[in-house]
>>> print(open('my_file-v7.txt').read())   # compact mmCIF, C-alpha atoms
# COMPACT_ATOMS: atom_id res chain seq x y z
CA MET A 1 95.01 -7.43 81.56
CA ASN A 2 98.29 -9.30 81.41
CA LEU A 3 96.70 -12.28 82.96
CA GLU A 4 94.00 -12.30 80.31
CA ILE A 5 96.46 -12.30 77.46
CA LYS A 6 98.47 -15.08 79.06
CA GLU A 7 95.35 -17.11 79.49
CA LYS A 8 94.47 -16.71 75.83
CA GLN A 9 97.90 -17.67 74.64
CA SER A 10 98.01 -20.75 76.73
CA ARG A 11 94.81 -22.06 75.17
CA GLY A 12 95.76 -25.35 73.57
CA ILE A 13 94.18 -26.88 70.46
CA SER A 14 92.18 -29.36 72.53
CA GLU A 15 90.64 -26.55 74.52
CA ILE A 16 89.77 -24.70 71.33
CA ILE A 17 88.10 -27.82 70.00
CA SER A 18 86.03 -28.13 73.17
CA ILE A 19 84.87 -24.53 73.02
CA LEU A 20 84.03 -24.93 69.31
CA GLU A 21 81.88 -27.92 70.08
CA ALA A 22 80.02 -25.99 72.75
CA LEU A 23 79.43 -23.05 70.41
CA ILE A 24 78.25 -25.20 67.52
CA PHE A 25 75.94 -27.01 69.93
CA VAL A 26 74.17 -23.87 71.15
CA ALA A 27 73.97 -22.13 67.77
CA ASP A 28 70.46 -22.15 66.34
CA GLU A 29 71.73 -22.12 62.77
CA PRO A 30 74.86 -23.52 61.15
CA ILE A 31 77.65 -21.32 62.51
CA THR A 32 80.36 -20.03 60.18
CA VAL A 33 84.09 -20.39 60.72
CA LYS A 34 84.31 -16.61 60.57
CA LEU A 35 81.90 -16.19 63.47
CA LEU A 36 83.59 -18.95 65.47
CA ALA A 37 86.94 -17.25 64.95
CA GLU A 38 85.51 -13.94 66.12
CA VAL A 39 84.04 -15.39 69.30
CA LEU A 40 87.19 -17.36 70.08
CA GLU A 41 89.50 -14.52 69.06
CA GLU A 42 91.57 -16.99 67.10
CA ASP A 43 92.54 -16.80 63.44
CA LYS A 44 90.47 -18.56 60.81
CA GLU A 45 93.14 -21.15 59.97
CA THR A 46 93.32 -22.34 63.58
CA VAL A 47 89.54 -22.61 63.76
CA GLU A 48 89.33 -24.43 60.44
CA ALA A 49 91.92 -26.97 61.57
CA ALA A 50 90.18 -27.38 64.92
CA VAL A 51 86.72 -27.87 63.44
CA GLU A 52 88.12 -30.43 60.99
CA GLU A 53 89.71 -32.26 63.93
CA LEU A 54 86.42 -32.17 65.79
CA ARG A 55 84.68 -33.65 62.77
CA ASN A 56 87.20 -36.49 62.78
CA GLU A 57 86.50 -37.10 66.44
CA TYR A 58 82.78 -37.37 65.71
CA GLU A 59 83.40 -39.78 62.87
CA GLN A 60 85.72 -41.98 64.89
CA ARG A 61 83.33 -42.10 67.80
CA ASP A 62 80.62 -43.31 65.41
CA GLY A 63 77.89 -42.17 67.78
CA GLY A 64 74.39 -40.80 67.32
CA LEU A 65 75.52 -37.35 66.24
CA GLN A 66 77.37 -35.97 63.28
CA LEU A 67 79.20 -32.71 62.75
CA ARG A 68 78.89 -31.41 59.22
CA GLU A 69 79.19 -28.38 57.03
CA ILE A 70 75.85 -27.14 55.72
CA ALA A 71 74.59 -23.84 54.28
CA GLY A 72 78.01 -22.27 54.75
CA GLY A 73 78.36 -23.16 58.44
CA TRP A 74 78.89 -26.02 60.86
CA GLN A 75 76.10 -27.90 62.55
CA ILE A 76 75.67 -30.77 64.96
CA SER A 77 72.80 -33.03 64.03
CA THR A 78 71.64 -36.61 64.39
CA ARG A 79 72.79 -39.28 61.97
CA THR A 80 70.32 -40.43 59.33
CA GLU A 81 70.34 -44.03 60.58
CA PHE A 82 68.28 -43.22 63.64
CA HIS A 83 65.45 -41.28 62.05
CA GLU A 84 62.78 -43.88 62.83
CA GLU A 85 63.49 -43.89 66.57
CA ILE A 86 63.73 -40.09 66.60
CA ARG A 87 60.40 -39.73 64.84
CA ARG A 88 58.80 -42.17 67.25
CA PHE A 89 60.07 -40.04 70.12
CA LEU A 90 59.20 -36.66 68.59
CA LYS A 91 55.89 -38.03 67.28
CA THR A 92 56.40 -36.28 63.96
CA ARG A 93 56.03 -37.41 60.41
CA PRO A 94 58.23 -36.33 57.54
CA SER A 95 56.83 -33.08 56.18
CA ALA A 96 54.94 -33.26 52.92
CA LYS A 97 57.08 -33.82 49.88
CA LEU A 98 57.19 -31.20 47.18
CA SER A 99 55.21 -32.02 44.07
CA LEU A 100 56.99 -33.07 40.91
CA ALA A 101 56.13 -29.72 39.36
CA ALA A 102 57.62 -27.82 42.31
CA LEU A 103 60.78 -29.95 42.31
CA GLU A 104 61.26 -29.47 38.59
CA THR A 105 60.79 -25.72 38.93
CA LEU A 106 63.18 -25.67 41.88
CA SER A 107 65.83 -27.54 39.91
CA VAL A 108 65.59 -25.02 37.06
CA ILE A 109 65.91 -22.12 39.52
CA ALA A 110 68.78 -23.78 41.40
CA TYR A 111 70.81 -24.25 38.24
CA LYS A 112 69.81 -21.17 36.25
CA GLN A 113 69.59 -18.59 39.00
CA PRO A 114 68.69 -15.85 38.83
CA ALA A 115 65.87 -17.28 36.70
CA THR A 116 62.69 -15.60 35.46
CA ILE A 117 59.27 -17.15 34.85
CA PRO A 118 59.67 -17.05 31.03
CA GLU A 119 63.02 -18.83 31.35
CA ILE A 120 61.43 -21.52 33.50
CA LEU A 121 58.56 -21.87 31.03
CA GLU A 122 61.08 -22.34 28.23
CA ILE A 123 62.61 -25.37 29.94
CA ARG A 124 59.53 -26.90 31.53
CA GLY A 125 57.06 -26.16 28.75
CA VAL A 126 54.47 -25.37 31.44
CA GLN A 127 53.41 -22.20 33.20
CA SER A 128 54.96 -22.53 36.64
CA ALA A 129 53.23 -19.75 38.58
CA SER A 130 51.71 -21.92 41.29
CA ALA A 131 54.88 -24.00 41.70
CA ILE A 132 56.75 -20.75 42.22
CA LYS A 133 54.20 -19.63 44.78
CA THR A 134 54.62 -22.91 46.67
CA LEU A 135 58.41 -22.52 46.63
CA LEU A 136 58.16 -18.91 47.82
CA ASP A 137 55.75 -19.92 50.60
CA LYS A 138 58.16 -22.62 51.71
CA ARG A 139 60.98 -20.06 51.55
CA LEU A 140 63.04 -22.27 49.29
CA ILE A 141 63.41 -19.48 46.75
CA ILE A 142 63.56 -15.72 47.06
CA ALA A 143 62.91 -12.85 44.69
CA LYS A 144 66.14 -11.36 43.42
CA GLY A 145 64.91 -8.15 41.83
CA ARG A 146 63.65 -7.57 38.33
CA LYS A 147 65.44 -8.32 35.10
CA GLU A 148 65.90 -5.28 32.87
CA THR A 149 64.30 -6.80 29.81
CA VAL A 150 60.89 -6.80 28.13
CA GLY A 151 58.20 -6.92 30.83
CA ARG A 152 60.79 -6.61 33.62
CA PRO A 153 60.11 -10.14 34.91
CA MET A 154 60.97 -10.97 38.53
CA GLN A 155 64.09 -13.07 38.98
CA TYR A 156 64.28 -15.89 41.49
CA GLY A 157 67.16 -17.61 43.25
CA THR A 158 67.47 -20.25 45.93
CA SER A 159 67.55 -19.30 49.60
CA LYS A 160 69.60 -20.38 52.60
CA ASP A 161 66.65 -22.57 53.59
CA PHE A 162 67.12 -24.40 50.31
CA LEU A 163 70.70 -25.28 51.28
CA LEU A 164 69.52 -26.36 54.74
CA GLN A 165 66.61 -28.49 53.56
CA PHE A 166 68.62 -30.16 50.82
CA GLY A 167 71.69 -30.70 52.98
CA LEU A 168 74.05 -28.62 50.85
CA LYS A 169 77.24 -26.91 51.97
CA ASP A 170 76.83 -24.33 49.21
CA LEU A 171 75.51 -24.16 45.65
CA SER A 172 78.76 -25.49 44.22
CA GLU A 173 78.01 -28.78 45.95
CA LEU A 174 75.19 -29.42 43.49
CA PRO A 175 76.33 -31.85 40.81
CA SER A 176 76.95 -30.14 37.47
CA ILE A 177 73.84 -30.01 35.30
CA GLU A 178 75.88 -31.54 32.49
CA ASP A 179 76.23 -34.68 34.61
CA PHE A 180 72.56 -35.33 34.02
CA GLU A 181 73.10 -35.39 30.29
CA ASP A 182 74.46 -38.92 30.23
CA LEU A 183 71.21 -40.11 31.73
CA THR A 184 69.25 -38.62 28.85
CA GLN A 185 71.20 -40.44 26.16
CA GLY A 186 69.33 -43.64 26.89
CA ILE A 187 66.06 -42.38 25.45
CA MET B 188 50.78 -29.70 52.01
CA GLU B 189 48.65 -26.69 51.29
CA GLN B 190 46.54 -26.90 48.23
CA ILE B 191 45.13 -24.05 46.29
CA GLU B 192 41.48 -24.19 45.56
CA GLN B 193 40.77 -23.10 42.07
CA LEU B 194 38.51 -23.37 39.13
CA THR B 195 39.21 -25.86 36.43
CA PHE B 196 36.83 -26.77 33.75
CA ASN B 197 36.04 -29.67 31.57
CA PHE B 198 37.89 -29.24 28.35
CA PHE B 199 35.08 -30.27 26.08
CA THR B 200 31.71 -30.11 27.74
CA GLU B 201 32.74 -26.90 29.48
CA THR B 202 31.09 -27.85 32.71
CA PRO B 203 32.98 -25.96 35.37
CA HIS B 204 33.92 -27.81 38.51
CA ILE B 205 36.07 -26.96 41.48
CA SER B 206 39.22 -28.98 41.79
CA THR B 207 41.47 -28.80 44.82
CA GLU B 208 44.49 -29.80 42.80
CA SER B 209 46.99 -26.99 42.37
CA ARG B 210 47.54 -25.52 38.96
CA ASP B 211 50.80 -27.27 38.14
CA GLU B 212 49.61 -30.62 39.32
CA ILE B 213 47.42 -32.47 36.96
CA LYS B 214 47.89 -36.01 38.23
CA LEU B 215 44.14 -36.37 38.54
CA GLU B 216 43.38 -35.38 35.01
CA LEU B 217 46.44 -36.53 33.16
CA GLY B 218 48.07 -39.37 34.99
CA LYS B 219 51.79 -39.01 34.89
CA PHE B 220 52.07 -36.26 32.31
CA ALA B 221 53.07 -33.12 34.11
CA GLY B 222 53.26 -31.07 30.91
CA PRO B 223 53.36 -31.18 27.11
CA LEU B 224 57.06 -32.05 27.02
CA ASP B 225 56.44 -35.09 29.22
CA LEU B 226 53.61 -36.25 27.01
CA LEU B 227 55.78 -35.79 23.94
CA LEU B 228 58.66 -37.73 25.44
CA TYR B 229 56.30 -40.51 26.43
CA LEU B 230 54.93 -40.73 22.89
CA ILE B 231 58.42 -40.84 21.41
CA LYS B 232 59.32 -43.71 23.73
CA GLN B 233 56.02 -45.40 22.98
CA GLU B 234 56.75 -45.29 19.25
CA GLN B 235 60.30 -46.45 20.00
CA ALA B 236 61.50 -43.57 17.89
CA ASN B 237 64.92 -41.98 17.95
CA ILE B 238 64.77 -38.65 19.69
CA PHE B 239 67.22 -37.19 17.17
CA ASP B 240 65.03 -38.33 14.28
CA ILE B 241 61.48 -37.87 15.45
CA PRO B 242 58.85 -39.17 13.01
CA ILE B 243 57.06 -35.86 13.31
CA ALA B 244 53.87 -36.69 11.37
CA ARG B 245 53.17 -39.81 13.43
CA ILE B 246 54.04 -38.19 16.73
CA THR B 247 51.90 -35.14 15.95
CA ASP B 248 48.90 -37.35 15.18
CA GLU B 249 49.41 -39.29 18.41
CA TYR B 250 49.83 -36.09 20.37
CA LEU B 251 46.62 -34.59 19.01
CA LYS B 252 44.81 -37.83 19.75
CA TYR B 253 45.88 -37.61 23.38
CA ILE B 254 44.84 -33.98 23.61
CA ARG B 255 41.38 -34.92 22.41
CA LEU B 256 41.23 -37.71 24.96
CA MET B 257 41.92 -35.42 27.85
CA LYS B 258 38.66 -35.32 29.74
CA SER B 259 39.27 -32.23 31.76
CA VAL B 260 42.28 -30.06 32.01
CA ASP B 261 43.18 -26.97 33.92
CA ILE B 262 42.70 -24.00 31.65
CA SER B 263 46.23 -22.62 32.02
CA LEU B 264 47.71 -26.04 31.33
CA ALA B 265 45.44 -26.59 28.37
CA ALA B 266 47.05 -23.51 26.84
CA ASP B 267 50.52 -25.02 27.25
CA PHE B 268 49.40 -28.26 25.63
CA ILE B 269 47.85 -26.41 22.73
CA VAL B 270 50.97 -24.31 22.20
CA MET B 271 52.91 -27.54 21.83
CA ALA B 272 50.32 -28.91 19.40
CA ALA B 273 50.74 -25.77 17.30
CA THR B 274 54.52 -26.13 17.40
CA LEU B 275 54.28 -29.73 16.25
CA ILE B 276 51.97 -28.84 13.39
CA GLU B 277 54.30 -26.03 12.36
CA ILE B 278 57.28 -28.40 12.30
CA LYS B 279 55.24 -30.96 10.42
CA SER B 280 54.31 -28.45 7.73
CA LYS B 281 57.90 -27.24 7.43
CA MET B 282 59.00 -30.84 6.96
CA LEU B 283 56.51 -31.19 4.13
CA LEU B 284 58.09 -28.36 2.19
CA PRO B 285 60.52 -29.57 -0.45
CA ARG B 286 64.02 -29.12 0.89
CA GLU B 287 65.23 -26.96 -2.04
CA ILE B 288 62.59 -24.29 -1.59
CA TYR B 289 63.12 -24.42 2.08
CA ASP B 290 66.85 -23.89 1.58
CA GLU B 291 66.29 -20.73 -0.43
CA THR B 292 63.99 -19.05 2.00
CA GLU B 293 65.97 -19.81 5.10
CA GLU B 294 69.61 -18.93 5.37
CA GLU B 295 70.49 -21.82 7.58
CA THR B 296 69.20 -25.22 6.63
CA GLU B 297 68.43 -26.23 10.15
CA ASP B 298 66.29 -29.26 10.65
CA PRO B 299 62.91 -27.83 11.75
CA ARG B 300 62.86 -30.37 14.55
CA GLU B 301 66.15 -29.28 16.03
CA ALA B 302 64.86 -26.63 18.44
CA LEU B 303 62.27 -29.05 19.78
CA VAL B 304 64.84 -31.82 20.28
CA ARG B 305 67.08 -29.38 22.13
CA GLN B 306 64.17 -28.38 24.35
CA LEU B 307 63.27 -32.01 25.04
CA LEU B 308 66.83 -32.89 26.03
CA GLU B 309 67.18 -29.77 28.17
CA HIS B 310 63.90 -30.56 29.89
CA GLN B 311 65.03 -34.12 30.54
CA LYS B 312 68.23 -32.88 32.17
CA PHE B 313 66.26 -30.81 34.64
CA LYS B 314 63.88 -33.68 35.30
CA ASN B 315 66.90 -35.75 36.30
CA ALA B 316 68.13 -32.87 38.46
CA ALA B 317 64.69 -32.76 40.10
CA GLN B 318 65.03 -36.46 40.88
CA MET B 319 68.40 -35.76 42.52
CA LEU B 320 66.82 -32.98 44.61
CA TYR B 321 64.05 -35.37 45.64
CA GLU B 322 66.61 -37.89 46.87
CA ARG B 323 68.55 -35.21 48.73
CA VAL B 324 65.50 -33.83 50.54
CA THR B 325 64.42 -37.35 51.50
CA VAL B 326 67.80 -38.08 53.08
CA GLU B 327 67.84 -34.68 54.73
CA GLN B 328 64.48 -35.29 56.36
CA ALA B 329 66.12 -38.09 58.32
CA VAL B 330 68.55 -35.62 59.92
CA PHE B 331 67.58 -33.60 62.98
CA PRO B 332 69.44 -30.60 64.34
CA ARG B 333 69.10 -29.58 67.96
CA GLY B 334 65.70 -28.11 68.82
CA ARG B 335 65.37 -24.35 68.93
CA ILE B 336 66.24 -22.42 72.06
CA GLU B 337 63.71 -19.66 72.49
CA SER B 338 65.20 -16.21 72.30
CA ASP B 339 63.91 -12.75 71.44
CA GLU B 340 65.10 -13.20 67.89
CA ASN B 341 63.16 -16.31 67.02
CA ASN B 342 60.11 -15.41 69.05
CA ALA B 343 57.30 -14.88 66.59
CA GLU B 344 55.77 -12.24 68.80
CA THR B 345 58.66 -9.88 68.36
CA ASN B 346 58.99 -10.42 64.64
CA ALA B 347 57.60 -7.36 62.91
CA THR B 348 54.78 -7.90 60.43
CA VAL B 349 53.05 -5.76 57.85
CA PHE B 350 50.55 -4.81 60.53
CA ASP B 351 53.32 -3.48 62.72
CA LEU B 352 54.42 -1.42 59.75
CA LEU B 353 50.89 -0.10 59.39
CA THR B 354 50.73 0.83 63.06
CA VAL B 355 53.95 2.80 62.82
CA PHE B 356 52.65 4.45 59.69
CA GLN B 357 49.42 5.47 61.38
CA LYS B 358 51.32 6.89 64.35
CA ILE B 359 53.31 9.09 62.03
CA LEU B 360 50.26 10.12 60.05
CA GLY B 361 48.59 11.22 63.27
CA ARG B 362 51.60 13.29 64.20
CA HIS B 363 51.48 15.08 60.87
CA LYS B 364 47.80 15.92 60.94
CA GLU B 365 48.16 19.45 62.31
CA GLU B 366 51.33 20.31 60.51
CA ILE B 367 50.06 19.87 56.99
CA GLN B 368 47.49 22.64 57.19
CA LEU B 369 49.96 25.20 55.90
CA GLU B 370 50.90 23.23 52.84
CA ILE B 371 50.95 25.51 49.81
CA GLU B 372 52.76 23.85 46.99
CA ARG B 373 53.69 20.27 46.99
CA GLU B 374 57.01 18.94 46.02
CA GLU B 375 56.53 15.55 44.60
CA ILE B 376 59.02 12.83 45.11
CA SER B 377 58.58 9.83 42.86
CA LEU B 378 58.51 6.27 44.12
CA SER B 379 61.71 5.41 42.30
CA ASP B 380 63.51 8.37 43.89
CA MET B 381 62.22 7.33 47.25
CA LEU B 382 63.37 3.75 46.63
CA LYS B 383 66.82 4.98 45.62
CA ASN B 384 67.00 7.15 48.71
CA LEU B 385 65.89 4.29 50.95
CA LYS B 386 68.34 1.85 49.36
CA ARG B 387 71.21 4.30 49.79
CA ARG B 388 70.32 4.89 53.43
CA ILE B 389 70.20 1.19 54.21
CA LEU B 390 73.45 0.52 52.36
CA GLU B 391 75.21 3.38 54.13
CA SER B 392 74.31 2.49 57.68
CA LYS B 393 73.38 -1.23 57.29
CA GLU B 394 70.19 -0.58 59.22
CA LEU B 395 67.51 2.05 59.34
CA ASN B 396 65.03 2.96 62.05
CA LEU B 397 61.61 3.22 60.40
CA LEU B 398 60.32 5.77 62.88
CA ALA B 399 63.26 8.05 62.10
CA PHE B 400 62.81 7.56 58.37
CA PHE B 401 59.13 8.41 58.46
CA ALA B 402 59.84 11.43 60.63
CA GLU B 403 61.83 12.96 57.78
CA MET B 404 58.80 13.03 55.52
CA HIS B 405 57.01 16.33 55.22
CA THR B 406 53.74 15.56 53.55
CA ARG B 407 51.13 12.89 53.61
CA ARG B 408 51.98 12.11 50.04
CA GLU B 409 55.65 11.62 50.89
CA LEU B 410 54.70 9.38 53.77
CA VAL B 411 52.61 7.19 51.51
CA THR B 412 55.42 7.03 48.97
CA ALA B 413 57.90 6.14 51.74
CA PHE B 414 55.61 3.41 53.00
CA ILE B 415 55.20 1.89 49.54
CA ALA B 416 58.95 2.10 49.02
CA ILE B 417 59.50 0.15 52.24
CA LEU B 418 57.05 -2.56 51.22
CA GLU B 419 58.74 -2.77 47.83
CA ILE B 420 62.26 -2.96 49.22
CA VAL B 421 61.33 -5.70 51.67
CA ARG B 422 59.77 -7.63 48.81
CA THR B 423 62.51 -7.28 46.25
CA GLU B 424 65.78 -6.76 48.09
CA SER B 425 67.71 -8.62 50.76
CA VAL B 426 66.31 -6.48 53.53
CA LYS B 427 64.92 -7.80 56.80
CA VAL B 428 62.37 -6.13 59.04
CA THR B 429 63.12 -6.67 62.71
CA GLN B 430 61.85 -5.50 66.02
CA ASN B 431 63.86 -5.85 69.21
CA ALA B 432 60.94 -6.09 71.55
CA THR B 433 57.17 -6.36 71.40
CA PHE B 434 55.85 -2.92 70.38
CA GLY B 435 59.47 -1.81 70.00
CA GLU B 436 60.87 0.23 67.18
CA ILE B 437 61.04 -1.37 63.77
CA ILE B 438 64.42 -1.58 62.10
CA LEU B 439 65.20 -2.32 58.45
CA LYS B 440 68.36 -4.37 58.14
CA LYS B 441 70.48 -5.42 55.21
CA VAL B 442 70.68 -9.22 55.25
>>> encode(input="my_file-v7.txt", output="structure tokens")
Amino acid sequence: MNLEIKEKQSRGISEIISILEALIFVADEPITVKLLAEVLEEDKETVEAAVEELRNEYEQRDGGLQLREIAGGWQISTRTEFHEEIRRFLKTRPSAKLSLAALETLSVIAYKQPATIPEILEIRGVQSASAIKTLLDKRLIIAKGRKETVGRPMQYGTSKDFLLQFGLKDLSELPSIEDFEDLTQGI
Amino acid sequence: MEQIEQLTFNFFTETPHISTESRDEIKLELGKFAGPLDLLLYLIKQEQANIFDIPIARITDEYLKYIRLMKSVDISLAADFIVMAATLIEIKSKMLLPREIYDETEEETEDPREALVRQLLEHQKFKNAAQMLYERVTVEQAVFPRGRIESDENNAETNATVFDLLTVFQKILGRHKEEIQLEIEREEISLSDMLKNLKRRILESKELNLLAFFAEMHTRRELVTAFIAILEIVRTESVKVTQNATFGEIILKKV
């Protein structure tokens, strides 16, 4: 018992960083600081500092991998530069792109969530039922219960998969919708 | 990408034909116009008009001309285009009214075009946001995380499906067959009560064993209501259905 406690106390920052790297490597999904802290039995601040240090190490090494924060957790992945070689090895093609209609609908839901079909129609000027179905099938959006208004329309919001597929740390990382206003002035 | 087969029909000759394009995509029929707002914006640019001072009569004529030119259009989209045509004509007629009369009838002397301009600008903002999303997803597709390690959790075989739910349900029904013979009066529990009950149970204990939940039901009717409530809660709430092993017990979990 005593020995165990001693061992834990003597764990230096470099050892913590090594364990973190191992954990992030085996995790199937981006792993949160909270979970890392629980497994390591260290406090959150220590883990945050350590993971930041680890990120610096990855950046300085400038290798094939990157450590980044995505969908609320940390993940080790390849760097974008090497996608051609990776695809050649994996023999995969980029998955089909979303249609313009689906992307437009997704952008309305991302910014207005929870958003209902009538609200989406208002902005897009088009019925978006099949775009919504596509987005639901691809698990980019999820139903968020019904809105207590006329017709009780279903409300939709973006999912964790949305953050993952669009490389976002969280929703606040999306640029403000008002930033897109400047672009419209040129019409 | 999956495409939904559906019926579209020729707008004018009304000869039905099957198109494999999905409902929101009309590239085949309409070129680059995804919807009425896009067409309108295109026409405004074409006329080199100021978006804040749309020459409504000219644009309406142009718009109607385009609508007539559309060879075939998906029926649900056609409706959206026609709604816009009606809006344009309404604005046009309001603009024709002498301003004084118009002032008296309406409390605010808002330019009849204002709502439309606001909608056009709002739409444009989200089109730009969609462009940003497109760029993000393109970059993200060049990033690869480590491949999946197979575990019980991500093994499709142990992920419960609706059919697993049905099997559990049938098991319970079978168990109740003999017991219900003595039923005299039925107490009815409504679906919304059942939903409330189910929600409370999941919130209280974070997870709920379906077998145990079904076992609490007394009548066939209650069982059916419970089953529907479970389907509903999985559909509308952040609740996950999991199974620890193949043919194992099914657990509802709060996500």
>>> residues_around(input="my_file-v7.txt", residues="region 144-150 of chain A", least_positions_apart="3", cutoff="7 Å", atoms="all atoms listed in the file", output="mmCIF file with C-alpha atoms, in the frame of the given file")
data_model
loop_
_atom_site.group_PDB
_atom_site.id
_atom_site.type_symbol
_atom_site.label_atom_id
_atom_site.label_comp_id
_atom_site.auth_asym_id
_atom_site.auth_seq_id
_atom_site.Cartn_x
_atom_site.Cartn_y
_atom_site.Cartn_z
ATOM 1 C CA PRO A 114 68.690 -15.850 38.830
ATOM 2 C CA PRO A 153 60.110 -10.140 34.910
ATOM 3 C CA MET A 154 60.970 -10.970 38.530
ATOM 4 C CA GLN A 155 64.090 -13.070 38.980
ATOM 5 C CA TYR A 156 64.280 -15.890 41.490
ATOM 6 C CA GLY A 157 67.160 -17.610 43.250
ATOM 7 C CA THR B 423 62.510 -7.280 46.250
ATOM 8 C CA GLU B 424 65.780 -6.760 48.090
#
>>> atom_distance(input="my_file-v7.txt", atom1="CA of Thr354 (chain B)", atom2="CA of Glu394 (chain B)")
19.9 Å
>>> residues_around(input="my_file-v7.txt", residues="Ser392 (chain B)", least_positions_apart="5", cutoff="10 Å", atoms="only C-alpha atoms", output="NGL selection string")
:B and (387 or 440-441)
>>> atom_distance(input="my_file-v7.txt", atom1="CA of Leu140 (chain A)", atom2="CA of Ala37 (chain A)")
29.0 Å
>>> atom_distance(input="my_file-v7.txt", atom1="CA of Asp179 (chain A)", atom2="CA of Phe162 (chain A)")
20.9 Å
>>> closest_residue(input="my_file-v7.txt", among="A:Ser77, A:Leu98, A:Leu40, A:Gly125", to="Leu227 (chain B)", atoms="all atoms listed in the file")
A:Gly125
>>> residues_around(input="my_file-v7.txt", residues="Gln328 (chain B)", least_positions_apart="3", cutoff="9 Å", atoms="all atoms listed in the file", output="ChimeraX atom specification")
/A:80,83,94-95,165-166 /B:323-325,331
>>> residues_around(input="my_file-v7.txt", residues="Glu41 (chain A)", least_positions_apart="4", cutoff="12 Å", atoms="all atoms listed in the file", output="mmCIF file with C-alpha atoms, in the frame of the given file")
data_model
loop_
_atom_site.group_PDB
_atom_site.id
_atom_site.type_symbol
_atom_site.label_atom_id
_atom_site.label_comp_id
_atom_site.auth_asym_id
_atom_site.auth_seq_id
_atom_site.Cartn_x
_atom_site.Cartn_y
_atom_site.Cartn_z
ATOM 1 C CA ILE A 5 96.460 -12.300 77.460
ATOM 2 C CA LYS A 8 94.470 -16.710 75.830
ATOM 3 C CA GLN A 9 97.900 -17.670 74.640
ATOM 4 C CA ARG A 11 94.810 -22.060 75.170
ATOM 5 C CA ILE A 16 89.770 -24.700 71.330
ATOM 6 C CA ILE A 19 84.870 -24.530 73.020
ATOM 7 C CA LEU A 20 84.030 -24.930 69.310
ATOM 8 C CA VAL A 33 84.090 -20.390 60.720
ATOM 9 C CA LYS A 34 84.310 -16.610 60.570
ATOM 10 C CA LEU A 35 81.900 -16.190 63.470
ATOM 11 C CA LEU A 36 83.590 -18.950 65.470
ATOM 12 C CA ALA A 37 86.940 -17.250 64.950
ATOM 13 C CA GLU A 45 93.140 -21.150 59.970
ATOM 14 C CA THR A 46 93.320 -22.340 63.580
ATOM 15 C CA VAL A 47 89.540 -22.610 63.760
#
>>> residues_around(input="my_file-v7.txt", residues="Glu29 (chain A)", least_positions_apart="3", cutoff="12 Å", atoms="all atoms listed in the file", output="list of chain:residue names")
A:Leu23, A:Ile24, A:Phe25, A:Val26, A:Thr32, A:Leu35, A:Glu69, A:Ile70, A:Ala71, A:Gly72, A:Gly73, A:Trp74, A:Gln75, A:Ile76, A:Ser77, A:Lys160, A:Asp161, A:Leu163, A:Leu164, B:Pro332, B:Arg333, B:Gly334, B:Arg335, B:Ile336, B:Asn341
>>> closest_residue(input="my_file-v7.txt", among="A:Glu122, A:Asp62, A:Glu173, A:Glu52", to="chain B", atoms="all atoms listed in the file")
A:Glu122
>>> closest_residue(input="my_file-v7.txt", among="A:Ala101, A:Leu136, A:Ile117, A:Ile109", to="chain B", atoms="all atoms listed in the file")
A:Ala101
>>> closest_residue(input="my_file-v7.txt", among="B:Val326, B:Leu418, B:Met271, B:Ile359", to="Ile246 (chain B)", atoms="only C-alpha atoms")
B:Met271
>>> closest_residue(input="my_file-v7.txt", among="B:Glu327, B:Glu419, B:Glu301, B:Asp240", to="chain A", atoms="only C-alpha atoms")
B:Glu327
>>> decode(input="my_file-v7.txt", residues="region 398-406 of chain B", atoms="N, CA and C atoms", output="short mmCIF file (atom, residue, chain, number, x, y, z; two decimals), in the first residue's frame")
data_model
loop_
_atom_site.label_atom_id
_atom_site.label_comp_id
_atom_site.auth_asym_id
_atom_site.auth_seq_id
_atom_site.Cartn_x
_atom_site.Cartn_y
_atom_site.Cartn_z
N LEU B 398 -35.31 -6.23 -19.87
CA LEU B 398 -36.00 -7.42 -19.40
C LEU B 398 -36.71 -7.11 -18.08
N ALA B 399 -36.00 -6.40 -17.20
CA ALA B 399 -36.57 -6.06 -15.90
C ALA B 399 -37.75 -5.10 -16.08
N PHE B 400 -37.58 -4.16 -17.00
CA PHE B 400 -38.64 -3.17 -17.23
C PHE B 400 -39.91 -3.84 -17.76
N PHE B 401 -39.73 -4.72 -18.72
CA PHE B 401 -40.88 -5.42 -19.28
C PHE B 401 -41.55 -6.31 -18.23
N ALA B 402 -40.73 -6.86 -17.34
CA ALA B 402 -41.27 -7.78 -16.34
C ALA B 402 -42.25 -7.07 -15.40
N GLU B 403 -42.11 -5.75 -15.30
CA GLU B 403 -43.01 -5.02 -14.41
C GLU B 403 -44.40 -4.81 -15.00
N MET B 404 -44.53 -5.06 -16.30
CA MET B 404 -45.81 -4.80 -16.94
C MET B 404 -46.78 -5.93 -16.65
N HIS B 405 -48.04 -5.57 -16.46
CA HIS B 405 -49.00 -6.58 -16.06
C HIS B 405 -49.86 -7.10 -17.20
N THR B 406 -50.13 -6.25 -18.16
CA THR B 406 -51.02 -6.68 -19.23
C THR B 406 -50.33 -6.56 -20.57
#
